[in-house]
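Here is the structure we will look at, set down as structure tokens.
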Amino acid sequence: MKTIKYEDIVSVVSGLCQEANYYLEEDVLEAFKKSREQEVSPLGISILDQLIENAKIAREERMPMCQDTGFAVFFVEVGQDVRIEGGVLEDAINEGVRQGYTEGYLRKSIVGHPLERKNTGDNTPAIVYTTLVAGDKLKITIAPKGGGSENMSGVRMLKPAQGVEGVKNFVIETVDKAGSNPCPPIVVGVGIGGTMEKAALLAKQALLRPLDRRHDDSSIAALEEELLERINKLGIGPQGLGGRTTALAVNVEIFPAHIASLPVAVNINCHSARHKSIIL
Amino acid sequence: MAEYTLAAPLTDDVVEKLRAGDLVFLNGIIYTGRDAAHKKLFELIQEGKELPVDLKGQIIYYVGPSPARPGQVIGSAGPTTSGRMDAYTPALLDLGLKGMIGKGLRSQEVLDSIKKNKAVYFAATGGAAALISKRIVKSEVVAYPELGPEAIYCLEVEGFPVIVVNDAHGGDLYSMGRKQYQGE
Ligand code: SF4
């Protein structure tokens with residue numbers, strides 16, 4: 001049995017909120033550079049240059065790379081042999097968000113009621129997905145999610161007979177309709193299978209995978225590559241102004257499905273593809 | 001695709017020479033405004049009242065920055081989605097607003113009004129917010145301070161990078177750009 005203190009979780013979460021917003025992950029930066037080599041549109045190249053420069057300024061000055069510092073979404077893996085002392089896990093995460101977003105000069109973008117829409121003032125509550133795993137470790141991952149790209153995401157319950165073609169068409173249609181709104185170049189997370197909410201969650205989890213890593217299952221890896229190629233032929237380009245770089249990667253996750261269903265979810269992430277993990 | 005350095009506010013002859021796809025660096029004064037401020041301005045117009053800022057020739061930047069650290073002029077300050085301002089925009093253009101900076105598609109009513117009023121819609125790079133904040137040298141609240149980051153600010157900018165999406169002649173880069181690179 002390992003004991004982890006409430007206060008330690010608070011301070012770790014506060015740090016994660018800030019780091020995720022200041023420091024762009026290497027895999028995303030590499031994807032910018034690779035796309036810049038392949039981009040043919042002069043405006044597209046100038047935008048990719050801006051994004052590379054932007055990441056550098058954000059890192060050096062500890063400024064958020066995007067002013068929309070997002071909904072604080074967490075994926076937490078709790079080892080069964082971990083005991084949290086001094087309070088409840090979710091409270092510790094919310095306190096960490098409160099401190100991190102305030103001390104880190106991050107924007108508070110959450111309204112406390114979806115219809116009355118008054119800002120909570122400290123970016124809480126966070127959204128926390130917890131799973132119990134073996135062992136005595138606590139793994140906390142934050143993936144702050146901007147509104148612009150989240151708004152262009154969607155779920156569709158396909159008929160099983162529509163098969164993989166139906167899945168591909170829905171992904172392409174969703175990206176096509178999103179156009180310039182989710183700040184392309186985007187990262188496309190796709191969840192196939194499960195139930196309606198399971199597919200949506202898979203799509204979000206798919207966004208956590210590094211952009212240069214394909215799915216372990218070779219047929220799903222091939223699907224990812226085919227979708228990326230088709231998306232980049234849409235011509236949307238950086239910021240939707242035309243070009244080859246519409247998406248940096250397509251990550252697909254799958255789950256068994258009911259005999260009667262084929263759910264598919266597409267979660268679009270912008271190039272501010274932020275996530276950071278820590279293991280306690 | 002031409003490249004210009006322009007002084008803001010804008011004049012009619014400058015706006016008329018701009019074409020969709022031009023890269024522009026702005027120097028001078030621009031105003032900020034997003035959903036809440038637009039709603040307030042629109043209500044004043046409907047009531048026939050005077051606005052807190054004279055919009056003639058001016059540019060509005062759709063932005064809600066992150067908080068500034070002590071000593072900073074402004075926090076990260078990239079564009080927000082313009083479509084949310086569409087319902088209010090034609091009324092502002094009729095009052096002489098010349099330019100808008102944001103990201104994403106506009107409604108047909110806004111595009112028609114841009115043409116009719118000889119105005120221009122620019123895109124700034126969504127998510128390049130730290131870089132953009134470096135091109136803002138002064139920032140001052142001029143109306144609705146109670147709205148916090150959504151208040152109307154007057155910004156002084158230097159070399160502020162934008163791209164012409166919709167010009168005064170009906171040019172639309174979102175559709176032209178896509179067509180040009182489709183299928184490549
Ligand atoms: S979609 Fe992403 S990059 Fe664009 S404004 Fe929102 S958070 Fe920033």
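Residue numbering restarts at 1 for every chain of the structure tokens, chains are lettered A, B, ... in their displayed order, and ligands are numbered from 1 as they appear.
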
Please find the residues contacting ligand 1 at a distance of at most 8 Å between atoms, with only C-alpha atoms and all ligand atoms counted, and report them as a PyMOL selection string. (chain A and resi 65-70+145-150+181-184+269-273) or (chain B and resi 78-81+126-129)

Please produce a file of the residues just selected, as a PDB file, in the first residue's frame, where the atoms kept are N, CA and C atoms.
ATOM      1  N   MET A  65       0.375  28.920 -25.212  1.00  0.00           N
ATOM      2  CA  MET A  65       0.531  29.009 -26.675  1.00  0.00           C
ATOM      3  C   MET A  65      -0.753  29.480 -27.334  1.00  0.00           C
ATOM      4  N   CYS A  66      -1.904  29.137 -26.724  1.00  0.00           N
ATOM      5  CA  CYS A  66      -3.164  29.689 -27.212  1.00  0.00           C
ATOM      6  C   CYS A  66      -3.887  30.325 -26.032  1.00  0.00           C
ATOM      7  N   GLN A  67      -4.600  31.424 -26.306  1.00  0.00           N
ATOM      8  CA  GLN A  67      -5.309  32.093 -25.193  1.00  0.00           C
ATOM      9  C   GLN A  67      -6.444  31.226 -24.661  1.00  0.00           C
ATOM     10  N   ASP A  68      -6.982  30.339 -25.511  1.00  0.00           N
ATOM     11  CA  ASP A  68      -8.000  29.414 -25.012  1.00  0.00           C
ATOM     12  C   ASP A  68      -7.273  28.255 -24.354  1.00  0.00           C
ATOM     13  N   THR A  69      -7.120  28.344 -23.043  1.00  0.00           N
ATOM     14  CA  THR A  69      -6.360  27.339 -22.314  1.00  0.00           C
ATOM     15  C   THR A  69      -7.245  26.163 -21.904  1.00  0.00           C
ATOM     16  N   GLY A  70      -8.465  26.175 -22.425  1.00  0.00           N
ATOM     17  CA  GLY A  70      -9.260  24.970 -22.482  1.00  0.00           C
ATOM     18  C   GLY A  70     -10.022  24.533 -21.253  1.00  0.00           C
ATOM     19  N   LYS A 145      -8.615  21.223 -23.393  1.00  0.00           N
ATOM     20  CA  LYS A 145      -9.277  21.150 -24.695  1.00  0.00           C
ATOM     21  C   LYS A 145      -9.947  22.462 -25.043  1.00  0.00           C
ATOM     22  N   GLY A 146      -9.539  23.048 -26.170  1.00  0.00           N
ATOM     23  CA  GLY A 146     -10.082  24.317 -26.639  1.00  0.00           C
ATOM     24  C   GLY A 146     -11.500  24.156 -27.173  1.00  0.00           C
ATOM     25  N   GLY A 147     -12.270  25.244 -27.098  1.00  0.00           N
ATOM     26  CA  GLY A 147     -13.662  25.197 -27.535  1.00  0.00           C
ATOM     27  C   GLY A 147     -13.824  25.142 -29.047  1.00  0.00           C
ATOM     28  N   GLY A 148     -12.969  25.858 -29.763  1.00  0.00           N
ATOM     29  CA  GLY A 148     -13.112  25.971 -31.221  1.00  0.00           C
ATOM     30  C   GLY A 148     -13.089  24.628 -31.919  1.00  0.00           C
ATOM     31  N   SER A 149     -12.187  23.750 -31.486  1.00  0.00           N
ATOM     32  CA  SER A 149     -12.086  22.455 -32.146  1.00  0.00           C
ATOM     33  C   SER A 149     -13.098  21.463 -31.569  1.00  0.00           C
ATOM     34  N   GLU A 150     -13.374  21.569 -30.263  1.00  0.00           N
ATOM     35  CA  GLU A 150     -14.354  20.664 -29.658  1.00  0.00           C
ATOM     36  C   GLU A 150     -15.716  20.836 -30.331  1.00  0.00           C
ATOM     37  N   ASN A 181     -12.693  26.385 -38.975  1.00  0.00           N
ATOM     38  CA  ASN A 181     -13.052  26.694 -37.577  1.00  0.00           C
ATOM     39  C   ASN A 181     -12.170  26.072 -36.495  1.00  0.00           C
ATOM     40  N   PRO A 182     -11.734  24.804 -36.647  1.00  0.00           N
ATOM     41  CA  PRO A 182     -10.944  24.242 -35.536  1.00  0.00           C
ATOM     42  C   PRO A 182      -9.456  24.589 -35.610  1.00  0.00           C
ATOM     43  N   CYS A 183      -9.092  25.669 -36.304  1.00  0.00           N
ATOM     44  CA  CYS A 183      -7.700  26.101 -36.395  1.00  0.00           C
ATOM     45  C   CYS A 183      -6.784  25.038 -37.012  1.00  0.00           C
ATOM     46  N   PRO A 184      -7.052  24.585 -38.241  1.00  0.00           N
ATOM     47  CA  PRO A 184      -6.135  23.626 -38.845  1.00  0.00           C
ATOM     48  C   PRO A 184      -4.720  24.211 -38.936  1.00  0.00           C
ATOM     49  N   ASN A 269      -9.034  17.914 -32.623  1.00  0.00           N
ATOM     50  CA  ASN A 269      -8.174  18.744 -31.790  1.00  0.00           C
ATOM     51  C   ASN A 269      -7.445  19.712 -32.716  1.00  0.00           C
ATOM     52  N   CYS A 270      -7.174  20.905 -32.207  1.00  0.00           N
ATOM     53  CA  CYS A 270      -6.439  21.872 -33.002  1.00  0.00           C
ATOM     54  C   CYS A 270      -4.952  21.553 -32.889  1.00  0.00           C
ATOM     55  N   HIS A 271      -4.131  22.385 -33.543  1.00  0.00           N
ATOM     56  CA  HIS A 271      -2.677  22.182 -33.469  1.00  0.00           C
ATOM     57  C   HIS A 271      -2.140  22.456 -32.070  1.00  0.00           C
ATOM     58  N   SER A 272      -2.940  23.178 -31.217  1.00  0.00           N
ATOM     59  CA  SER A 272      -2.548  23.318 -29.811  1.00  0.00           C
ATOM     60  C   SER A 272      -2.905  22.007 -29.145  1.00  0.00           C
ATOM     61  N   ALA A 273      -2.257  20.928 -29.596  1.00  0.00           N
ATOM     62  CA  ALA A 273      -2.601  19.575 -29.147  1.00  0.00           C
ATOM     63  C   ALA A 273      -1.858  19.319 -27.845  1.00  0.00           C
TER      64      ALA A 273
ATOM     65  N   GLY B  78      -4.723  35.325 -29.383  1.00  0.00           N
ATOM     66  CA  GLY B  78      -5.096  34.864 -30.725  1.00  0.00           C
ATOM     67  C   GLY B  78      -6.573  35.112 -30.992  1.00  0.00           C
ATOM     68  N   PRO B  79      -6.979  34.962 -32.263  1.00  0.00           N
ATOM     69  CA  PRO B  79      -8.366  35.252 -32.650  1.00  0.00           C
ATOM     70  C   PRO B  79      -9.342  34.197 -32.155  1.00  0.00           C
ATOM     71  N   THR B  80     -10.597  34.604 -31.964  1.00  0.00           N
ATOM     72  CA  THR B  80     -11.654  33.650 -31.648  1.00  0.00           C
ATOM     73  C   THR B  80     -12.540  33.482 -32.887  1.00  0.00           C
ATOM     74  N   THR B  81     -13.448  32.507 -32.843  1.00  0.00           N
ATOM     75  CA  THR B  81     -14.290  32.188 -34.012  1.00  0.00           C
ATOM     76  C   THR B  81     -15.226  33.355 -34.346  1.00  0.00           C
ATOM     77  N   GLY B 126      -5.155  31.392 -35.809  1.00  0.00           N
ATOM     78  CA  GLY B 126      -5.740  30.840 -34.592  1.00  0.00           C
ATOM     79  C   GLY B 126      -4.720  29.980 -33.877  1.00  0.00           C
ATOM     80  N   GLY B 127      -4.514  30.274 -32.613  1.00  0.00           N
ATOM     81  CA  GLY B 127      -3.563  29.486 -31.836  1.00  0.00           C
ATOM     82  C   GLY B 127      -2.143  30.017 -31.859  1.00  0.00           C
ATOM     83  N   ALA B 128      -1.871  31.063 -32.653  1.00  0.00           N
ATOM     84  CA  ALA B 128      -0.528  31.671 -32.617  1.00  0.00           C
ATOM     85  C   ALA B 128      -0.542  32.823 -31.617  1.00  0.00           C
ATOM     86  N   ALA B 129      -1.107  32.550 -30.450  1.00  0.00           N
ATOM     87  CA  ALA B 129      -1.502  33.617 -29.541  1.00  0.00           C
ATOM     88  C   ALA B 129      -0.342  34.270 -28.799  1.00  0.00           C
TER      89      ALA B 129
END

Extract the full set of strand (DSSP E) residues from stretch 54-179 of chain B according to DSSP on the backbone, and format it as a PyMOL selection string. chain B and resi 59-61+99-102+120-123+136-143+152-166

For A:Lys276, which residue among A:Leu207, A:Leu228, A:Val190, A:Val88 is the nearest when counting only C-alpha atoms? A:Leu207

Using only C-alpha atoms and a distance of at most 6 Å, pull out the residues of chain B that contact chain A, as a list in words.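 Listed by rising number, the hits are Pro65, Ser66, Pro67, Ser76, Ala77, Gly104, Gly126, Gly127, Ala128, Ala129, Ala130, Leu131, Tyr174, Gly177, Arg178, Tyr181, Gln182, Gly183 and Glu184 of chain B.
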
Which residues are close to B:Asp112, i.e. within 12 Å by only C-alpha atoms, leaving aside same-chain residues fewer than 3 positions away? Reply as an NGL selection string. :B and (86 or 89-90 or 93-94 or 106-109 or 115-121 or 166-172)

May I have the selected residues written with N, CA, C and O atoms, as a PDB file, in the first residue's frame?
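Result file selection-v2.pdb:
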ATOM      1  N   ASP B  86     -21.572  37.177 -36.250  1.00  0.00           N
ATOM      2  CA  ASP B  86     -22.242  37.450 -37.531  1.00  0.00           C
ATOM      3  C   ASP B  86     -23.558  38.211 -37.403  1.00  0.00           C
ATOM      4  O   ASP B  86     -23.844  39.098 -38.204  1.00  0.00           O
ATOM      5  N   THR B  89     -22.756  41.927 -36.984  1.00  0.00           N
ATOM      6  CA  THR B  89     -21.751  42.584 -37.817  1.00  0.00           C
ATOM      7  C   THR B  89     -22.308  43.539 -38.876  1.00  0.00           C
ATOM      8  O   THR B  89     -21.789  44.656 -39.015  1.00  0.00           O
ATOM      9  N   PRO B  90     -23.349  43.154 -39.649  1.00  0.00           N
ATOM     10  CA  PRO B  90     -23.803  44.091 -40.690  1.00  0.00           C
ATOM     11  C   PRO B  90     -24.164  45.471 -40.139  1.00  0.00           C
ATOM     12  O   PRO B  90     -23.850  46.491 -40.768  1.00  0.00           O
ATOM     13  N   LEU B  93     -20.970  47.393 -39.700  1.00  0.00           N
ATOM     14  CA  LEU B  93     -20.389  47.792 -40.991  1.00  0.00           C
ATOM     15  C   LEU B  93     -21.153  48.981 -41.571  1.00  0.00           C
ATOM     16  O   LEU B  93     -20.551  49.894 -42.146  1.00  0.00           O
ATOM     17  N   ASP B  94     -22.476  48.984 -41.379  1.00  0.00           N
ATOM     18  CA  ASP B  94     -23.269  50.115 -41.865  1.00  0.00           C
ATOM     19  C   ASP B  94     -22.866  51.416 -41.183  1.00  0.00           C
ATOM     20  O   ASP B  94     -23.031  52.495 -41.741  1.00  0.00           O
ATOM     21  N   ARG B 106     -17.683  33.341 -42.340  1.00  0.00           N
ATOM     22  CA  ARG B 106     -18.725  34.327 -42.054  1.00  0.00           C
ATOM     23  C   ARG B 106     -20.007  33.943 -42.784  1.00  0.00           C
ATOM     24  O   ARG B 106     -19.974  33.203 -43.764  1.00  0.00           O
ATOM     25  N   SER B 107     -21.127  34.510 -42.320  1.00  0.00           N
ATOM     26  CA  SER B 107     -22.414  34.220 -42.964  1.00  0.00           C
ATOM     27  C   SER B 107     -22.520  34.982 -44.281  1.00  0.00           C
ATOM     28  O   SER B 107     -21.782  35.944 -44.529  1.00  0.00           O
ATOM     29  N   GLN B 108     -23.481  34.574 -45.111  1.00  0.00           N
ATOM     30  CA  GLN B 108     -23.701  35.262 -46.390  1.00  0.00           C
ATOM     31  C   GLN B 108     -24.067  36.728 -46.153  1.00  0.00           C
ATOM     32  O   GLN B 108     -23.622  37.608 -46.897  1.00  0.00           O
ATOM     33  N   GLU B 109     -24.842  37.003 -45.095  1.00  0.00           N
ATOM     34  CA  GLU B 109     -25.240  38.402 -44.811  1.00  0.00           C
ATOM     35  C   GLU B 109     -23.998  39.256 -44.542  1.00  0.00           C
ATOM     36  O   GLU B 109     -23.912  40.390 -44.992  1.00  0.00           O
ATOM     37  N   LYS B 115     -19.088  43.616 -48.882  1.00  0.00           N
ATOM     38  CA  LYS B 115     -19.006  44.118 -50.260  1.00  0.00           C
ATOM     39  C   LYS B 115     -19.700  45.480 -50.383  1.00  0.00           C
ATOM     40  O   LYS B 115     -19.137  46.435 -50.912  1.00  0.00           O
ATOM     41  N   LYS B 116     -20.900  45.520 -49.828  1.00  0.00           N
ATOM     42  CA  LYS B 116     -21.700  46.748 -49.924  1.00  0.00           C
ATOM     43  C   LYS B 116     -20.989  47.927 -49.254  1.00  0.00           C
ATOM     44  O   LYS B 116     -20.959  49.029 -49.783  1.00  0.00           O
ATOM     45  N   ASN B 117     -20.383  47.683 -48.111  1.00  0.00           N
ATOM     46  CA  ASN B 117     -19.758  48.771 -47.342  1.00  0.00           C
ATOM     47  C   ASN B 117     -18.269  48.939 -47.632  1.00  0.00           C
ATOM     48  O   ASN B 117     -17.586  49.694 -46.945  1.00  0.00           O
ATOM     49  N   LYS B 118     -17.762  48.215 -48.625  1.00  0.00           N
ATOM     50  CA  LYS B 118     -16.323  48.260 -48.944  1.00  0.00           C
ATOM     51  C   LYS B 118     -15.480  48.055 -47.686  1.00  0.00           C
ATOM     52  O   LYS B 118     -14.746  48.944 -47.251  1.00  0.00           O
ATOM     53  N   ALA B 119     -15.598  46.889 -47.131  1.00  0.00           N
ATOM     54  CA  ALA B 119     -14.840  46.577 -45.915  1.00  0.00           C
ATOM     55  C   ALA B 119     -13.958  45.362 -46.186  1.00  0.00           C
ATOM     56  O   ALA B 119     -13.862  44.899 -47.322  1.00  0.00           O
ATOM     57  N   VAL B 120     -13.312  44.857 -45.152  1.00  0.00           N
ATOM     58  CA  VAL B 120     -12.415  43.721 -45.341  1.00  0.00           C
ATOM     59  C   VAL B 120     -12.440  42.836 -44.093  1.00  0.00           C
ATOM     60  O   VAL B 120     -12.548  43.331 -42.973  1.00  0.00           O
ATOM     61  N   TYR B 121     -12.370  41.508 -44.341  1.00  0.00           N
ATOM     62  CA  TYR B 121     -12.295  40.544 -43.235  1.00  0.00           C
ATOM     63  C   TYR B 121     -10.935  39.853 -43.300  1.00  0.00           C
ATOM     64  O   TYR B 121     -10.580  39.259 -44.313  1.00  0.00           O
ATOM     65  N   ASN B 166     -11.798  37.920 -46.929  1.00  0.00           N
ATOM     66  CA  ASN B 166     -12.875  38.473 -47.751  1.00  0.00           C
ATOM     67  C   ASN B 166     -12.566  39.916 -48.075  1.00  0.00           C
ATOM     68  O   ASN B 166     -12.422  40.747 -47.175  1.00  0.00           O
ATOM     69  N   ASP B 167     -12.440  40.209 -49.385  1.00  0.00           N
ATOM     70  CA  ASP B 167     -12.129  41.585 -49.785  1.00  0.00           C
ATOM     71  C   ASP B 167     -13.400  42.323 -50.200  1.00  0.00           C
ATOM     72  O   ASP B 167     -14.490  41.738 -50.245  1.00  0.00           O
ATOM     73  N   ALA B 168     -13.247  43.602 -50.512  1.00  0.00           N
ATOM     74  CA  ALA B 168     -14.395  44.460 -50.821  1.00  0.00           C
ATOM     75  C   ALA B 168     -15.005  44.134 -52.180  1.00  0.00           C
ATOM     76  O   ALA B 168     -16.056  44.660 -52.546  1.00  0.00           O
ATOM     77  N   HIS B 169     -14.345  43.239 -52.948  1.00  0.00           N
ATOM     78  CA  HIS B 169     -14.824  42.928 -54.301  1.00  0.00           C
ATOM     79  C   HIS B 169     -15.478  41.558 -54.377  1.00  0.00           C
ATOM     80  O   HIS B 169     -15.721  41.033 -55.458  1.00  0.00           O
ATOM     81  N   GLY B 170     -15.700  40.933 -53.220  1.00  0.00           N
ATOM     82  CA  GLY B 170     -16.359  39.616 -53.214  1.00  0.00           C
ATOM     83  C   GLY B 170     -15.387  38.448 -53.198  1.00  0.00           C
ATOM     84  O   GLY B 170     -15.812  37.294 -53.203  1.00  0.00           O
ATOM     85  N   GLY B 171     -14.088  38.717 -53.202  1.00  0.00           N
ATOM     86  CA  GLY B 171     -13.101  37.630 -53.140  1.00  0.00           C
ATOM     87  C   GLY B 171     -13.201  36.906 -51.806  1.00  0.00           C
ATOM     88  O   GLY B 171     -13.392  37.543 -50.777  1.00  0.00           O
ATOM     89  N   ASP B 172     -13.089  35.566 -51.843  1.00  0.00           N
ATOM     90  CA  ASP B 172     -13.228  34.772 -50.615  1.00  0.00           C
ATOM     91  C   ASP B 172     -12.153  33.694 -50.581  1.00  0.00           C
ATOM     92  O   ASP B 172     -12.234  32.692 -51.286  1.00  0.00           O
TER      93      ASP B 172
END

Quick one: pull the distance between atom CA of B:Leu111 and atom CA of B:Leu173, Å, one decimal. 12.0 Å

List as a PyMOL selection string the protein and nucleic acid residues near A:Glu197, meaning an atom at most 10 Å away when only C-alpha atoms are counted, but skip any in the same chain fewer than 3 places from it. chain A and resi 155+191+193-194+200-203+263-265

Nearby residues (only C-alpha atoms) at most 9 Å from B:Ile74, same-chain spacing under 4 positions excluded, as a list in words: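 The filter keeps Pro65, Ser66, Pro67, Ala68, Arg69, Ser133, Lys134, Ile136, Val137, Lys138 and Ser139 of chain B.
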
So that I can check the surroundings of B:Asp35, please list as a PyMOL selection string every protein, DNA and RNA residue that reaches within 8 Å of it, counting only C-alpha atoms and ignoring chain neighbours fewer than 6 positions away. chain B and resi 84-85+150
